[in-house]
file query_10.cif (mmCIF, C-alpha atoms)
data_data
#
loop_
_atom_site.label_atom_id
_atom_site.label_comp_id
_atom_site.auth_asym_id
_atom_site.auth_seq_id
_atom_site.Cartn_x
_atom_site.Cartn_y
_atom_site.Cartn_z
CA MET I 1 9.79 48.41 32.47
CA THR I 2 9.14 47.09 28.98
CA GLN I 3 10.05 49.54 26.23
CA THR I 4 7.25 50.21 23.76
CA PRO I 5 6.69 52.88 21.08
CA GLU I 6 4.59 54.70 23.68
CA ASN I 7 7.36 54.36 26.27
CA PRO I 8 10.68 54.76 24.43
CA PRO I 9 14.00 54.45 26.29
CA GLU I 10 15.59 57.65 27.56
CA PRO I 11 18.32 58.85 25.18
CA THR I 12 21.85 58.47 26.46
CA LEU I 13 23.37 61.83 27.31
CA ARG I 14 26.75 62.61 25.80
CA ARG I 15 29.63 63.60 28.06
CA THR I 16 32.41 66.11 27.46
CA PRO I 17 36.05 65.18 28.19
CA LEU I 18 35.68 67.10 31.47
CA HIS I 19 32.76 65.11 32.85
CA ALA I 20 34.78 63.42 35.61
CA ALA I 21 36.32 66.76 36.60
CA HIS I 22 32.87 68.26 37.05
CA LEU I 23 31.79 65.43 39.31
CA ARG I 24 34.95 65.83 41.42
CA ALA I 25 34.18 69.54 41.78
CA GLY I 26 30.70 68.76 43.10
CA ALA I 27 28.81 70.08 40.09
CA ARG I 28 25.08 69.62 39.78
CA MET I 29 24.64 68.03 36.37
CA VAL I 30 21.63 68.51 34.08
CA PRO I 31 20.64 67.44 30.57
CA PHE I 32 21.39 70.19 28.04
CA GLY I 33 20.99 69.74 24.30
CA GLY I 34 21.66 66.02 24.57
CA TRP I 35 24.68 66.49 26.89
CA ASP I 36 25.21 65.93 30.61
CA MET I 37 26.43 69.38 31.66
CA PRO I 38 27.20 71.24 34.92
CA VAL I 39 24.57 73.83 35.77
CA GLN I 40 26.39 75.06 38.89
CA TYR I 41 29.14 74.22 41.38
CA ALA I 42 29.32 76.56 44.42
CA GLY I 43 26.19 78.45 43.34
CA LEU I 44 25.05 80.64 40.48
CA LYS I 45 25.73 84.02 42.13
CA THR I 46 29.19 83.02 43.34
CA GLU I 47 30.11 81.84 39.85
CA HIS I 48 28.53 84.85 38.13
CA ASP I 49 30.31 87.31 40.43
CA ALA I 50 33.65 85.56 39.92
CA VAL I 51 33.42 86.20 36.18
CA ARG I 52 32.37 89.82 36.67
CA THR I 53 35.13 90.60 39.18
CA SER I 54 38.00 88.15 38.61
CA ALA I 55 37.94 85.03 36.42
CA GLY I 56 35.76 81.99 35.94
CA MET I 57 35.87 79.10 33.51
CA PHE I 58 33.23 77.18 31.61
CA ASP I 59 33.32 73.83 29.88
CA VAL I 60 31.99 74.53 26.38
CA SER I 61 33.41 71.35 24.85
CA HIS I 62 29.92 70.39 23.72
CA MET I 63 30.20 73.01 20.97
CA GLY I 64 31.01 71.73 17.48
CA GLU I 65 34.12 72.43 15.41
CA PHE I 66 34.22 72.13 11.61
CA ARG I 67 37.37 72.74 9.58
CA VAL I 68 36.89 74.22 6.11
CA THR I 69 39.83 73.94 3.71
CA GLY I 70 40.57 74.09 0.01
CA PRO I 71 40.95 76.58 -2.88
CA ASP I 72 37.26 77.52 -2.68
CA ALA I 73 37.03 77.69 1.12
CA LEU I 74 36.51 81.44 1.14
CA ALA I 75 34.00 81.45 -1.72
CA PHE I 76 32.04 78.64 -0.04
CA LEU I 77 31.90 80.44 3.30
CA GLN I 78 30.91 83.70 1.66
CA GLY I 79 27.93 81.96 0.09
CA VAL I 80 26.63 80.25 3.22
CA THR I 81 27.16 83.06 5.76
CA THR I 82 25.99 86.66 6.11
CA ASN I 83 29.13 88.39 7.44
CA ASP I 84 32.09 89.18 5.17
CA VAL I 85 34.56 86.32 5.66
CA GLY I 86 36.79 88.00 3.05
CA LYS I 87 37.79 90.63 5.61
CA LEU I 88 39.33 88.04 7.93
CA ARG I 89 43.09 87.58 7.99
CA PRO I 90 45.06 84.65 9.43
CA GLY I 91 44.87 84.84 13.19
CA ARG I 92 41.55 86.71 13.26
CA ALA I 93 37.99 85.60 14.02
CA HIS I 94 34.48 86.99 13.83
CA TYR I 95 30.87 86.31 14.72
CA ASN I 96 28.69 85.18 11.81
CA TRP I 97 25.35 83.61 10.83
CA LEU I 98 24.31 80.60 8.80
CA PRO I 99 21.08 81.83 7.17
CA GLY I 100 18.29 79.48 6.13
CA GLU I 101 17.16 79.23 2.56
CA SER I 102 13.73 80.71 3.30
CA GLY I 103 14.12 82.76 6.45
CA GLY I 104 15.45 82.40 9.97
CA LEU I 105 18.87 81.07 10.92
CA ILE I 106 20.32 77.60 10.72
CA ASP I 107 22.71 78.73 13.45
CA ASP I 108 24.83 81.57 14.76
CA ILE I 109 28.52 80.72 14.65
CA TYR I 110 32.11 81.89 15.02
CA ILE I 111 34.65 81.63 12.21
CA TYR I 112 38.41 81.60 12.85
CA MET I 113 40.84 82.09 9.97
CA VAL I 114 43.75 79.72 10.46
CA ALA I 115 45.62 80.38 7.18
CA ASP I 116 44.88 81.12 3.55
CA GLY I 117 42.31 78.55 2.46
CA GLU I 118 41.78 77.22 6.02
CA TYR I 119 39.08 78.18 8.51
CA LEU I 120 37.65 76.76 11.73
CA MET I 121 33.92 77.14 12.36
CA VAL I 122 32.47 76.75 15.86
CA VAL I 123 28.75 75.93 16.00
CA ASN I 124 26.19 75.46 18.75
CA ALA I 125 26.11 72.04 20.38
CA SER I 126 22.45 71.30 19.69
CA ASN I 127 22.92 72.17 16.01
CA ILE I 128 26.02 70.12 15.14
CA ASP I 129 24.24 67.47 13.05
CA LYS I 130 21.88 69.99 11.43
CA ASP I 131 24.70 72.40 10.56
CA TRP I 132 26.88 69.62 9.19
CA ALA I 133 24.12 68.39 6.87
CA HIS I 134 23.34 71.96 5.78
CA LEU I 135 26.95 72.76 4.92
CA GLN I 136 27.49 69.46 3.11
CA LYS I 137 24.40 70.18 1.01
CA HIS I 138 25.89 73.42 -0.27
CA THR I 139 29.42 72.28 -1.17
CA ALA I 140 28.38 71.42 -4.73
CA GLY I 141 30.42 73.37 -7.26
CA HIS I 142 33.13 74.28 -4.73
CA ASP I 143 36.60 72.78 -4.39
CA VAL I 144 36.34 72.61 -0.63
CA ASN I 145 36.78 70.01 2.09
CA LEU I 146 34.83 69.89 5.33
CA SER I 147 35.95 67.89 8.34
CA ASN I 148 34.01 67.50 11.57
CA GLU I 149 36.55 67.79 14.41
CA SER I 150 34.03 68.14 17.21
CA ASP I 151 35.23 65.03 19.07
CA GLN I 152 38.91 65.99 18.80
CA TRP I 153 38.69 69.25 20.72
CA ALA I 154 37.83 70.31 24.21
CA LEU I 155 36.93 73.97 24.58
CA LEU I 156 37.27 75.96 27.79
CA ALA I 157 36.09 79.55 28.15
CA VAL I 158 38.14 81.46 30.75
CA GLN I 159 36.35 84.74 31.32
CA GLY I 160 36.69 87.80 33.52
CA PRO I 161 38.67 91.04 33.91
CA LYS I 162 41.67 89.30 35.52
CA THR I 163 41.90 86.46 32.98
CA ALA I 164 44.97 87.68 31.10
CA GLU I 165 46.75 88.58 34.35
CA LEU I 166 46.13 85.14 35.86
CA LEU I 167 47.10 83.17 32.74
CA GLN I 168 50.15 85.21 31.74
CA PRO I 169 52.72 83.54 34.08
CA PHE I 170 51.84 80.17 32.54
CA SER I 171 51.94 81.12 28.85
CA ASP I 172 54.74 81.76 26.37
CA THR I 173 52.74 84.50 24.62
CA ASP I 174 52.13 88.15 25.53
CA LEU I 175 48.42 87.81 26.17
CA ALA I 176 47.82 91.49 26.91
CA ALA I 177 49.03 92.34 23.40
CA LYS I 178 46.34 90.22 21.76
CA LYS I 179 43.29 92.18 20.62
CA LYS I 180 39.68 91.11 20.72
CA ASN I 181 38.95 88.32 18.19
CA ALA I 182 42.62 87.33 17.95
CA TYR I 183 43.19 83.60 17.30
CA PHE I 184 46.66 82.14 17.87
CA SER I 185 48.70 79.15 18.97
CA ALA I 186 50.32 79.25 22.41
CA LYS I 187 51.65 77.23 25.27
CA LEU I 188 49.52 77.21 28.41
CA PHE I 189 50.91 75.29 31.39
CA GLY I 190 53.06 73.51 28.82
CA PHE I 191 50.08 72.34 26.76
CA ASP I 192 49.86 73.18 23.07
CA VAL I 193 46.63 75.13 22.70
CA MET I 194 44.85 77.54 20.39
CA LEU I 195 43.61 80.67 22.13
CA ALA I 196 40.94 83.08 20.96
CA ARG I 197 40.24 86.39 22.68
CA THR I 198 36.54 85.79 22.45
CA GLY I 199 33.73 84.86 24.83
CA TYR I 200 30.06 85.02 25.67
CA THR I 201 29.90 86.79 29.03
CA GLY I 202 30.42 90.50 28.36
CA GLU I 203 33.86 90.34 29.98
CA ASP I 204 37.40 89.98 28.66
CA GLY I 205 38.78 86.48 28.37
CA PHE I 206 40.07 83.66 26.23
CA GLU I 207 38.53 80.56 24.77
CA VAL I 208 41.02 77.69 24.92
CA PHE I 209 41.03 74.94 22.29
CA VAL I 210 42.92 71.93 23.62
CA ASP I 211 43.20 68.30 22.56
CA ALA I 212 40.38 66.37 24.23
CA SER I 213 42.87 63.96 25.83
CA GLU I 214 44.57 66.84 27.68
CA ALA I 215 41.48 68.75 28.76
CA GLU I 216 41.16 67.35 32.26
CA ALA I 217 44.80 68.04 33.13
CA LEU I 218 44.53 71.60 31.86
CA TRP I 219 41.27 72.14 33.78
CA ASP I 220 42.98 71.03 36.99
CA ARG I 221 45.85 73.47 36.42
CA LEU I 222 43.39 76.31 35.96
CA LEU I 223 41.59 75.33 39.16
CA ALA I 224 44.92 75.31 41.00
CA ILE I 225 45.61 78.98 40.20
CA GLY I 226 42.24 80.03 41.60
CA ILE I 227 40.01 80.27 38.55
CA THR I 228 36.42 79.56 39.57
CA PRO I 229 34.50 76.82 37.75
CA ALA I 230 31.18 78.11 36.46
CA GLY I 231 28.17 76.28 35.05
CA LEU I 232 25.35 76.81 32.60
CA GLY I 233 23.36 78.87 35.10
CA ALA I 234 25.99 81.60 35.39
CA ARG I 235 26.71 81.42 31.68
CA ASP I 236 23.07 82.26 31.00
CA THR I 237 22.80 85.16 33.46
CA LEU I 238 26.10 86.61 32.22
CA ARG I 239 25.14 86.49 28.55
CA LEU I 240 21.66 87.85 29.33
CA GLU I 241 23.11 90.85 31.18
CA ALA I 242 25.40 91.43 28.19
CA GLY I 243 22.43 91.30 25.82
CA PHE I 244 23.82 88.35 23.85
CA PRO I 245 21.18 86.35 21.95
CA LEU I 246 21.11 82.58 22.33
CA TYR I 247 20.10 80.22 19.56
CA GLY I 248 16.79 78.57 20.38
CA HIS I 249 15.70 81.64 22.34
CA GLU I 250 16.38 84.90 20.46
CA PHE I 251 17.35 83.15 17.21
CA SER I 252 15.85 80.14 15.45
CA ASP I 253 14.89 78.88 12.02
CA THR I 254 11.55 80.72 12.37
CA ILE I 255 12.62 84.00 14.01
CA HIS I 256 13.73 86.80 11.68
CA PRO I 257 17.34 87.43 12.77
CA LEU I 258 17.11 91.17 12.10
CA SER I 259 14.58 91.36 14.91
CA SER I 260 17.74 91.81 16.98
CA SER I 261 20.14 94.73 16.82
CA TYR I 262 22.72 92.56 15.08
CA THR I 263 22.10 94.08 11.66
CA TRP I 264 25.88 94.53 11.28
CA VAL I 265 26.25 90.76 10.81
CA VAL I 266 24.54 91.01 7.41
CA LYS I 267 26.88 92.49 4.81
CA ASP I 268 26.07 93.59 1.25
CA LYS I 269 27.03 90.41 -0.59
CA GLU I 270 25.35 87.48 -2.29
CA HIS I 271 24.55 84.70 0.15
CA LEU I 272 22.02 81.98 0.81
CA GLY I 273 18.57 83.28 1.75
CA ARG I 274 19.47 86.93 1.14
CA ALA I 275 16.02 87.97 -0.08
CA HIS I 276 14.37 86.67 3.07
CA ILE I 277 16.91 87.92 5.57
CA THR I 278 16.92 91.49 4.23
CA ALA I 279 13.11 91.84 4.37
CA ALA I 280 11.72 93.94 7.21
CA PRO I 281 11.25 91.86 10.38
CA PRO I 282 7.71 91.67 11.81
CA GLN I 283 9.04 91.69 15.40
CA LYS I 284 11.76 93.44 17.37
CA LEU I 285 13.89 92.19 20.24
CA ILE I 286 13.77 94.54 23.23
CA GLY I 287 15.14 94.66 26.76
CA LEU I 288 12.83 94.78 29.76
CA LYS I 289 13.45 95.75 33.38
CA LEU I 290 11.09 94.60 36.12
CA GLU I 291 11.01 95.59 39.76
CA ARG I 292 10.59 92.33 41.67
CA VAL I 293 9.14 89.38 39.80
CA PRO I 294 11.50 87.37 37.55
CA VAL I 295 10.06 86.30 34.20
CA ARG I 296 10.94 83.30 32.09
CA GLU I 297 10.99 82.23 28.47
CA GLY I 298 7.54 82.07 26.91
CA TYR I 299 5.75 84.45 29.28
CA PRO I 300 3.35 86.68 27.27
CA VAL I 301 4.04 90.40 26.86
CA TYR I 302 1.24 92.97 26.56
CA ALA I 303 1.05 96.63 25.67
CA ASP I 304 0.91 98.69 28.87
CA GLY I 305 -2.62 99.28 30.10
CA VAL I 306 -4.36 97.31 27.34
CA GLN I 307 -6.69 94.93 29.13
CA VAL I 308 -8.19 93.10 26.16
CA GLY I 309 -6.74 91.42 23.11
CA PRO I 310 -3.90 89.02 22.50
CA PRO I 311 -0.31 89.52 23.69
CA ILE I 312 1.98 91.56 21.44
CA GLY I 313 4.99 89.35 22.09
CA TYR I 314 6.70 86.98 24.48
CA VAL I 315 9.76 86.70 26.69
CA THR I 316 12.68 84.92 24.99
CA SER I 317 15.05 84.93 28.00
CA GLY I 318 14.62 86.21 31.54
CA SER I 319 16.21 86.04 34.98
CA SER I 320 17.06 88.04 38.06
CA SER I 321 20.30 89.91 37.33
CA PRO I 322 22.99 89.14 39.95
CA THR I 323 24.94 92.25 38.92
CA LEU I 324 22.08 94.75 38.66
CA GLY I 325 19.92 93.42 41.47
CA HIS I 326 16.58 93.28 39.66
CA PRO I 327 14.83 91.05 37.08
CA ILE I 328 15.68 91.55 33.40
CA ALA I 329 14.41 89.96 30.21
CA MET I 330 14.65 90.03 26.47
CA ALA I 331 11.38 89.82 24.55
CA LEU I 332 10.23 89.63 20.95
CA VAL I 333 7.36 92.06 20.38
CA ASP I 334 5.43 93.23 17.34
CA ALA I 335 7.46 95.85 15.50
CA ALA I 336 4.62 98.37 15.75
CA HIS I 337 4.91 98.34 19.57
CA ALA I 338 8.69 98.07 19.91
CA GLU I 339 9.31 101.76 20.67
CA ALA I 340 6.88 101.93 23.58
CA ASP I 341 8.39 102.68 26.99
CA ARG I 342 6.15 100.51 29.13
CA PHE I 343 4.90 96.95 28.83
CA GLU I 344 3.33 94.27 31.00
CA VAL I 345 4.44 90.66 31.39
CA GLU I 346 1.99 88.02 32.54
CA VAL I 347 3.21 85.67 35.28
CA ARG I 348 0.82 82.95 36.45
CA GLY I 349 -2.24 84.93 35.39
CA LYS I 350 -1.13 88.28 36.82
CA ARG I 351 0.42 91.12 34.86
CA HIS I 352 3.55 92.91 36.06
CA ALA I 353 4.86 96.27 34.85
CA ALA I 354 8.03 96.23 32.73
CA GLU I 355 10.12 99.13 31.46
CA ARG I 356 11.86 98.99 28.08
CA ILE I 357 15.59 99.68 28.40
CA GLY I 358 18.36 99.52 25.86
CA LEU I 359 20.53 96.46 25.35
CA PRO I 360 22.93 95.45 26.71
CA PHE I 361 21.74 95.62 30.30
CA TYR I 362 25.37 95.53 31.45
CA ARG I 363 28.48 96.72 29.67
CA GLY I 364 31.86 95.52 30.89
CA ALA I 365 34.87 97.77 31.32
#

call {"tool": "encode", "arguments": {"input": "query_10.cif", "output": "structure tokens"}}
result
Amino acid sequence: MTQTPENPPEPTLRRTPLHAAHLRAGARMVPFGGWDMPVQYAGLKTEHDAVRTSAGMFDVSHMGEFRVTGPDALAFLQGVTTNDVGKLRPGRAHYNWLPGESGGLIDDIYIYMVADGEYLMVVNASNIDKDWAHLQKHTAGHDVNLSNESDQWALLAVQGPKTAELLQPFSDTDLAAKKKNAYFSAKLFGFDVMLARTGYTGEDGFEVFVDASEAEALWDRLLAIGITPAGLGARDTLRLEAGFPLYGHEFSDTIHPLSSSYTWVVKDKEHLGRAHITAAPPQKLIGLKLERVPVREGYPVYADGVQVGPPIGYVTSGSSSPTLGHPIAMALVDAAHAEADRFEVEVRGKRHAAERIGLPFYRGA
């Protein structure tokens, strides 16, 4: 077919260093944020349950890694983020936000303190180019160096209550002694890695930074000890049960971030966009429980029993919960209605009752 402006060529999907390993494992691959990624292997529920009861692993190598170094590294990060980077110490990490200049978020991120004057920032895959340009724009006046290491690293998330137990025989470090948000160098199956006791599933676990050239060999070793490979489908149901917001759904450059319950991420300091981010949000993020019918992103939400008028909000994420056995959703609704107990969600022209429940839906041990 001839390519014309009306019929442009399909963009080439990027591949992580583990692409061949996914194909060998029988993964069903789908486009995701410009990447060819595994959505599932044995099946979503099998993978979800493995993470809730034992251990599963995800390829999150599509995430971006930026290294921030120099005498003004801390001052720079303090100015472009909302959380207090000054409270980090070497070997510690925290969740943070990159606020926009006039509202919303550029991205939600993780920052790892490597040493004095050296930090690693992990950003969402779909935002790598945008975040890089944003950070570069705000380096003026700072003695700081930014390097984009996204292609150097593979990142594996090994998650579940038995993660530390399963990895311990193959590491030179006492994993059980490491607290949440610890960040440290270690040997794992003889590979030099950086481990972080962090994750996005609501369970214990470690995120493993390994050189991209060694990722496939490490993945195979993890498979060999019985860790279940898990895809994007299980990652989404796990994070939804845990009430974790996802950029592009619960956060964006147009959604007020304090619509969520993550007010603790904004500390009392000077930072980019402070006046906008500290203003009262017009909407609130709530949790919804339904009896039978799953709901999806974008479905309209109405006040219970109100038959006329526009919706008061919309579903940002929704699915059937494998752990809880019923549909759940997060929704952004007008702040004036956020404390109501009952709502309705429209699915294909029919409204279904929904009960507001507190987030998270599921809390791990």

call {"tool": "closest_residue", "arguments": {"input": "query_10.cif", "among": "I:Ala177, I:Ala25, I:Arg15, I:Phe244", "to": "Tyr95 (chain I)", "atoms": "only C-alpha atoms"}}
result
I:Phe244

call {"tool": "resolve_selection", "arguments": {"input": "query_10.cif", "expression": "the PyMOL selection byres ((chain I and resi 104-113) around 8)", "output": "count of residues only"}}
result
38

call {"tool": "residues_around", "arguments": {"input": "query_10.cif", "residues": "Glu101 (chain I)", "least_positions_apart": "5", "cutoff": "12 Å", "atoms": "all atoms listed in the file", "output": "PyMOL selection string"}}
result
chain I and resi 79-81+106+134-135+137-138+253-254+271-277

call {"tool": "resolve_selection", "arguments": {"input": "query_10.cif", "expression": "the PyMOL selection byres ((chain I and resi 209-215) around 7)", "output": "list of chain:residue names"}}
result
I:Pro17, I:Leu18, I:Gln152, I:Trp153, I:Ala154, I:Leu155, I:Leu156, I:Val193, I:Met194, I:Leu195, I:Glu207, I:Val208, I:Glu216, I:Ala217, I:Leu218, I:Trp219

call {"tool": "write_last_selection", "arguments": {"input": "query_10.cif", "atoms": "C-alpha atoms", "output": "CSV table (one decimal), in the frame of the given file"}}
result
chain,number,residue,atom,x,y,z
I,17,PRO,CA,36.0,65.2,28.2
I,18,LEU,CA,35.7,67.1,31.5
I,152,GLN,CA,38.9,66.0,18.8
I,153,TRP,CA,38.7,69.2,20.7
I,154,ALA,CA,37.8,70.3,24.2
I,155,LEU,CA,36.9,74.0,24.6
I,156,LEU,CA,37.3,76.0,27.8
I,193,VAL,CA,46.6,75.1,22.7
I,194,MET,CA,44.8,77.5,20.4
I,195,LEU,CA,43.6,80.7,22.1
I,207,GLU,CA,38.5,80.6,24.8
I,208,VAL,CA,41.0,77.7,24.9
I,216,GLU,CA,41.2,67.4,32.3
I,217,ALA,CA,44.8,68.0,33.1
I,218,LEU,CA,44.5,71.6,31.9
I,219,TRP,CA,41.3,72.1,33.8

call {"tool": "closest_residue", "arguments": {"input": "query_10.cif", "among": "I:Tyr299, I:Tyr262, I:Phe206, I:Tyr200", "to": "Asp236 (chain I)", "atoms": "all atoms listed in the file"}}
result
I:Tyr200

call {"tool": "closest_residue", "arguments": {"input": "query_10.cif", "among": "I:Ala224, I:Leu232, I:Met63, I:Ala186", "to": "Met29 (chain I)", "atoms": "only C-alpha atoms"}}
result
I:Leu232

call {"tool": "closest_residue", "arguments": {"input": "query_10.cif", "among": "I:Arg356, I:Lys267, I:Arg24, I:His337", "to": "Lys284 (chain I)", "atoms": "only C-alpha atoms"}}
result
I:His337
